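Worksheet: one structure, shown below.
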Amino acid sequence: MKRLLLVACAFVICAKANAQGQVQASKKATPGTLGGNWYGSVEVRHHANAYYGESGAYERLDPSVHVRAQLGAQFYEGMGDAYTTLGVFKESETQQILQRQPEVAVDLYPLKNDYVQIMQYNFVQLPVRESNTSKKQAEEESVEEYNPSTVYTVGFAPTFKLPVNQNGTRIELKTGADGWTRLYSRKQYVEGQTYREEEDGESERFELNAPTRSEEPIEDFAPHYQAQEFAGFLLSPAVARALTIEGSGHYHSRFTPIYTPVENGGTDYEYGVDRYSYGRLRIKVDLSDRLALTNDFYAYHEGFFTGDRKGDERRYRNVLRMSCRL
């Protein structure tokens, strides 16, 4: 009888342990609601853009306040990330609450570890009414200027990192590149190319996308490309683990087709390149597990850090934001 009781107890204990193991295994394998690990965040931002004139003198400061909400889900242990971003903002010279173009994005990571990250990203910017958004160029990072179309952006961004931990202080050196192009749901048009006559009778292009002699717009059919290379560092000191400092230098190239009408009624084009660079300094403080305060300061230059930008071009930019993870 005692042996029977011992066997029964051993069976119950083993069955209980096996059931717990199955529950733990099932919990570990569960990908989350609707197949993904969901997350959300809300941000409140203050943007300040400083502009300088042709003479190099300070011209104006354009401040604005932004509120954004983001909802997304990660799949396959973070190798896929799908999210949507909504937002509104207000500029200082108007009482109107302006609308940020809604975005739906999917980021894919074919390779992602402590040293290498390969990202292929895709996002769609949905159209909003022109009267409901900003007329200022580059007020939003992902929008260069207002466009009534649905805008599709496809890009590829490899990043290489070298992490170091020195007595609890985290240091990370990194470099990488980013290249992207855009497609539109509507036909795009640009103004043509003007010519001037030289002394030897030959003509020369002198103005990018200026009106043609016929004043007729030309369909913008050639792809536009943008590319950026960067190098930087990240520092999180052991004495202040909530503090993260990042610095980086970026070199940006914009390849724009320059169209020229030809004699047979067609259109020819070649690419013009606009290049500029900027430095970025980020200071981030984690106030709690959910709250973080971040300040990004940007300084823009012509070419490869060869001179300050001027002539109604943004020279400095500061973005202060408070973010809350939901």
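Chains: A, B, ... in order of the structure tokens. Residues: from 1 per chain. Ligands: from 1, in order shown.
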Excluding A:Ile245 and any residue of its chain fewer than 4 positions from it, enumerate the residues within 9 Å of it, using only C-alpha atoms, and give them as a CSV table (one decimal) with C-alpha atoms, in the first residue's frame.
```
chain,number,residue,atom,x,y,z
A,233,PHE,CA,29.0,57.4,-31.1
A,234,LEU,CA,26.8,56.6,-28.2
A,235,LEU,CA,27.8,57.1,-24.5
A,236,SER,CA,25.9,55.9,-21.4
A,237,PRO,CA,28.0,56.5,-18.3
A,281,LEU,CA,23.9,66.0,-30.7
A,282,ARG,CA,21.3,64.0,-28.7
A,283,ILE,CA,20.9,64.0,-25.0
A,284,LYS,CA,18.3,61.6,-23.6
A,285,VAL,CA,17.3,61.1,-19.9
```
Near-A:Gly80 list (10 Å; only C-alpha atoms; drop same-chain fewer than 6 positions) as a list of chain:residue names = A:Gly36, A:Ala73, A:Gln74, A:Val106, A:Asp107, A:Leu108, A:Tyr109, A:Pro110, A:Met119, A:Gln120, A:Tyr121
Spatial neighbours of stretch 296-308 of chain A, max dist 10 Å, only C-alpha atoms, sep filter under 3 positions, as an MDAnalysis selection string = chainID A and resid 47:50 52 56 246:253 274:284 313:321
Would you mind exporting N, CA and C atoms of the selected residues as a compact mmCIF listing (two decimals), in the first residue's frame?
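Below is the file part_27.txt, written as the result:
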```
# COMPACT_ATOMS: atom_id res chain seq x y z
N HIS A 47 9.65 72.15 -31.70
CA HIS A 47 10.64 72.34 -32.76
C HIS A 47 11.02 73.82 -32.84
N ALA A 48 12.28 74.09 -33.10
CA ALA A 48 12.75 75.46 -33.33
C ALA A 48 13.77 75.43 -34.46
N ASN A 49 13.47 76.13 -35.57
CA ASN A 49 14.33 76.18 -36.75
C ASN A 49 14.85 77.59 -36.94
N ALA A 50 16.17 77.74 -36.99
CA ALA A 50 16.80 79.05 -37.15
C ALA A 50 17.27 79.22 -38.59
N TYR A 52 19.07 81.87 -41.65
CA TYR A 52 20.01 82.97 -41.84
C TYR A 52 19.93 83.43 -43.29
N GLY A 56 24.60 86.07 -44.21
CA GLY A 56 25.03 85.29 -43.05
C GLY A 56 24.46 85.78 -41.75
N GLU A 246 24.49 60.99 -27.54
CA GLU A 246 24.83 60.54 -28.89
C GLU A 246 25.31 61.72 -29.72
N GLY A 247 26.32 61.48 -30.54
CA GLY A 247 26.80 62.48 -31.49
C GLY A 247 27.05 61.83 -32.83
N SER A 248 26.74 62.54 -33.91
CA SER A 248 26.93 61.95 -35.24
C SER A 248 27.09 63.05 -36.28
N GLY A 249 27.79 62.71 -37.36
CA GLY A 249 27.93 63.58 -38.52
C GLY A 249 27.30 62.91 -39.73
N HIS A 250 26.54 63.68 -40.52
CA HIS A 250 25.78 63.12 -41.64
C HIS A 250 26.11 63.89 -42.93
N TYR A 251 26.21 63.16 -44.02
CA TYR A 251 26.47 63.75 -45.35
C TYR A 251 25.33 63.33 -46.27
N HIS A 252 24.56 64.29 -46.73
CA HIS A 252 23.31 64.04 -47.44
C HIS A 252 23.45 64.45 -48.91
N SER A 253 22.98 63.59 -49.81
CA SER A 253 22.98 63.87 -51.25
C SER A 253 21.58 63.69 -51.80
N ASP A 274 22.42 67.92 -55.18
CA ASP A 274 22.49 68.91 -54.11
C ASP A 274 23.01 68.21 -52.87
N ARG A 275 24.11 68.70 -52.31
CA ARG A 275 24.73 68.04 -51.16
C ARG A 275 24.84 69.01 -49.98
N TYR A 276 24.54 68.48 -48.81
CA TYR A 276 24.76 69.24 -47.59
C TYR A 276 25.09 68.27 -46.47
N SER A 277 25.52 68.78 -45.35
CA SER A 277 25.91 67.95 -44.22
C SER A 277 25.36 68.56 -42.94
N TYR A 278 25.31 67.76 -41.89
CA TYR A 278 24.88 68.29 -40.60
C TYR A 278 25.43 67.43 -39.47
N GLY A 279 25.58 68.06 -38.34
CA GLY A 279 25.95 67.36 -37.12
C GLY A 279 24.76 67.29 -36.19
N ARG A 280 24.66 66.22 -35.44
CA ARG A 280 23.55 66.05 -34.51
C ARG A 280 24.09 65.65 -33.13
N LEU A 281 23.58 66.33 -32.11
CA LEU A 281 23.90 65.99 -30.72
C LEU A 281 22.59 65.67 -30.01
N ARG A 282 22.51 64.46 -29.45
CA ARG A 282 21.30 64.03 -28.75
C ARG A 282 21.63 63.77 -27.27
N ILE A 283 20.80 64.29 -26.40
CA ILE A 283 20.88 64.03 -24.97
C ILE A 283 19.54 63.48 -24.53
N LYS A 284 19.56 62.27 -23.97
CA LYS A 284 18.33 61.61 -23.56
C LYS A 284 18.42 61.22 -22.09
N GLU A 313 17.85 79.13 -45.96
CA GLU A 313 18.07 77.71 -45.67
C GLU A 313 18.23 77.55 -44.16
N ARG A 314 17.66 76.49 -43.64
CA ARG A 314 17.74 76.24 -42.21
C ARG A 314 19.18 75.94 -41.81
N ARG A 315 19.70 76.67 -40.80
CA ARG A 315 21.06 76.46 -40.34
C ARG A 315 21.10 75.67 -39.03
N TYR A 316 20.17 75.96 -38.12
CA TYR A 316 20.13 75.25 -36.85
C TYR A 316 18.71 74.74 -36.60
N ARG A 317 18.64 73.65 -35.88
CA ARG A 317 17.36 73.05 -35.56
C ARG A 317 17.46 72.40 -34.18
N ASN A 318 16.45 72.61 -33.36
CA ASN A 318 16.41 71.98 -32.04
C ASN A 318 15.05 71.34 -31.84
N VAL A 319 15.06 70.08 -31.41
CA VAL A 319 13.83 69.33 -31.18
C VAL A 319 13.88 68.79 -29.75
N LEU A 320 12.97 69.30 -28.91
CA LEU A 320 12.84 68.84 -27.53
C LEU A 320 11.56 68.03 -27.43
N ARG A 321 11.64 66.82 -26.93
CA ARG A 321 10.44 65.99 -26.89
C ARG A 321 10.35 65.19 -25.59
```
Top pick for closest residue to A:Asn132, considering A:Met79, A:Gly232, A:Phe89, A:Val154 and counting only C-alpha atoms =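 Closest to A:Asn132, using only C-alpha atoms: A:Phe89.
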Contacts of stretch 219-229 of chain A within 6 Å, only C-alpha atoms, excl. fewer than 4 positions in-chain, as a PyMOL selection string | chain A and resi 176-181+188-190+250-256
Any idea what's packed within 10 Å of A:Ser41, counting only C-alpha atoms, ignoring anything in its chain fewer than 6 positions away? Could you give it as a ChimeraX atom specification?
-> /A:68-72,85,290-291,323-326
If you measure from atom CA of A:Gln101 to atom CA of A:Thr294, what distance in Å do you get, rounded to one decimal?
->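 Atom CA of A:Thr294 lies at a distance of 22.9 Å from atom CA of A:Gln101.
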Have a look at A:Leu61, A:Leu126, A:Leu162, A:Ile171 and name the one nearest to A:Asn147; count only C-alpha atoms.
-> A:Leu126
Can you work out the spacing between atom CA of A:Val88 and atom CA of A:Met322 in Å, to one decimal?
-> 15.2 Å
Any chance you could list, as an mmCIF file with C-alpha atoms, in the first residue's frame, the residues in stretch 60-137 of chain A that come up strand (DSSP E) when DSSP is run on the backbone?
```
data_model
loop_
_atom_site.group_PDB
_atom_site.id
_atom_site.type_symbol
_atom_site.label_atom_id
_atom_site.label_comp_id
_atom_site.auth_asym_id
_atom_site.auth_seq_id
_atom_site.Cartn_x
_atom_site.Cartn_y
_atom_site.Cartn_z
ATOM 1 C CA ARG A 60 14.223 84.404 -38.108
ATOM 2 C CA LEU A 61 13.254 81.583 -35.761
ATOM 3 C CA ASP A 62 10.316 79.303 -36.635
ATOM 4 C CA PRO A 63 8.970 77.508 -33.542
ATOM 5 C CA SER A 64 6.188 74.903 -33.516
ATOM 6 C CA VAL A 65 4.591 72.403 -31.122
ATOM 7 C CA HIS A 66 3.815 68.823 -32.165
ATOM 8 C CA VAL A 67 1.823 65.932 -30.701
ATOM 9 C CA ARG A 68 2.234 62.436 -32.127
ATOM 10 C CA ALA A 69 0.796 59.007 -31.396
ATOM 11 C CA GLN A 70 2.253 55.748 -32.665
ATOM 12 C CA LEU A 71 0.870 52.214 -32.513
ATOM 13 C CA GLY A 72 2.744 49.198 -33.789
ATOM 14 C CA ALA A 73 3.648 45.542 -33.448
ATOM 15 C CA GLN A 74 6.874 43.577 -33.790
ATOM 16 C CA PHE A 75 6.961 40.138 -35.365
ATOM 17 C CA GLY A 80 9.583 42.763 -38.646
ATOM 18 C CA ASP A 81 8.043 45.971 -37.331
ATOM 19 C CA ALA A 82 4.734 47.408 -38.541
ATOM 20 C CA TYR A 83 3.375 50.679 -37.168
ATOM 21 C CA THR A 84 1.253 53.722 -37.897
ATOM 22 C CA THR A 85 1.897 57.324 -36.853
ATOM 23 C CA LEU A 86 -0.671 60.111 -36.474
ATOM 24 C CA GLY A 87 -0.056 63.672 -35.378
ATOM 25 C CA VAL A 88 -1.022 67.322 -35.257
ATOM 26 C CA PHE A 89 1.058 70.457 -34.772
ATOM 27 C CA LYS A 90 0.734 74.209 -34.370
ATOM 28 C CA GLU A 91 2.918 76.972 -35.770
ATOM 29 C CA LEU A 98 -2.393 71.598 -38.527
ATOM 30 C CA GLN A 99 -2.366 67.928 -39.504
ATOM 31 C CA GLU A 103 1.966 57.244 -42.017
ATOM 32 C CA VAL A 104 1.762 53.464 -42.234
ATOM 33 C CA ALA A 105 5.159 51.754 -42.190
ATOM 34 C CA VAL A 106 6.781 48.324 -42.283
ATOM 35 C CA ASP A 107 10.443 47.881 -41.332
ATOM 36 C CA LEU A 108 12.191 44.589 -42.144
ATOM 37 C CA TYR A 109 15.485 43.437 -40.627
ATOM 38 C CA PRO A 110 17.106 40.621 -42.652
ATOM 39 C CA LEU A 111 20.115 40.844 -40.312
ATOM 40 C CA LYS A 112 20.082 42.277 -36.812
ATOM 41 C CA VAL A 116 25.318 44.706 -37.796
ATOM 42 C CA GLN A 117 21.812 45.891 -38.612
ATOM 43 C CA ILE A 118 20.371 45.716 -42.120
ATOM 44 C CA MET A 119 17.026 47.493 -42.436
ATOM 45 C CA GLN A 120 14.725 47.629 -45.433
ATOM 46 C CA TYR A 121 11.919 50.097 -44.746
ATOM 47 C CA ASN A 122 8.686 50.978 -46.498
ATOM 48 C CA PHE A 123 6.174 53.619 -45.519
ATOM 49 C CA VAL A 124 3.124 55.262 -47.024
ATOM 50 C CA GLN A 125 2.195 58.888 -46.346
#
```
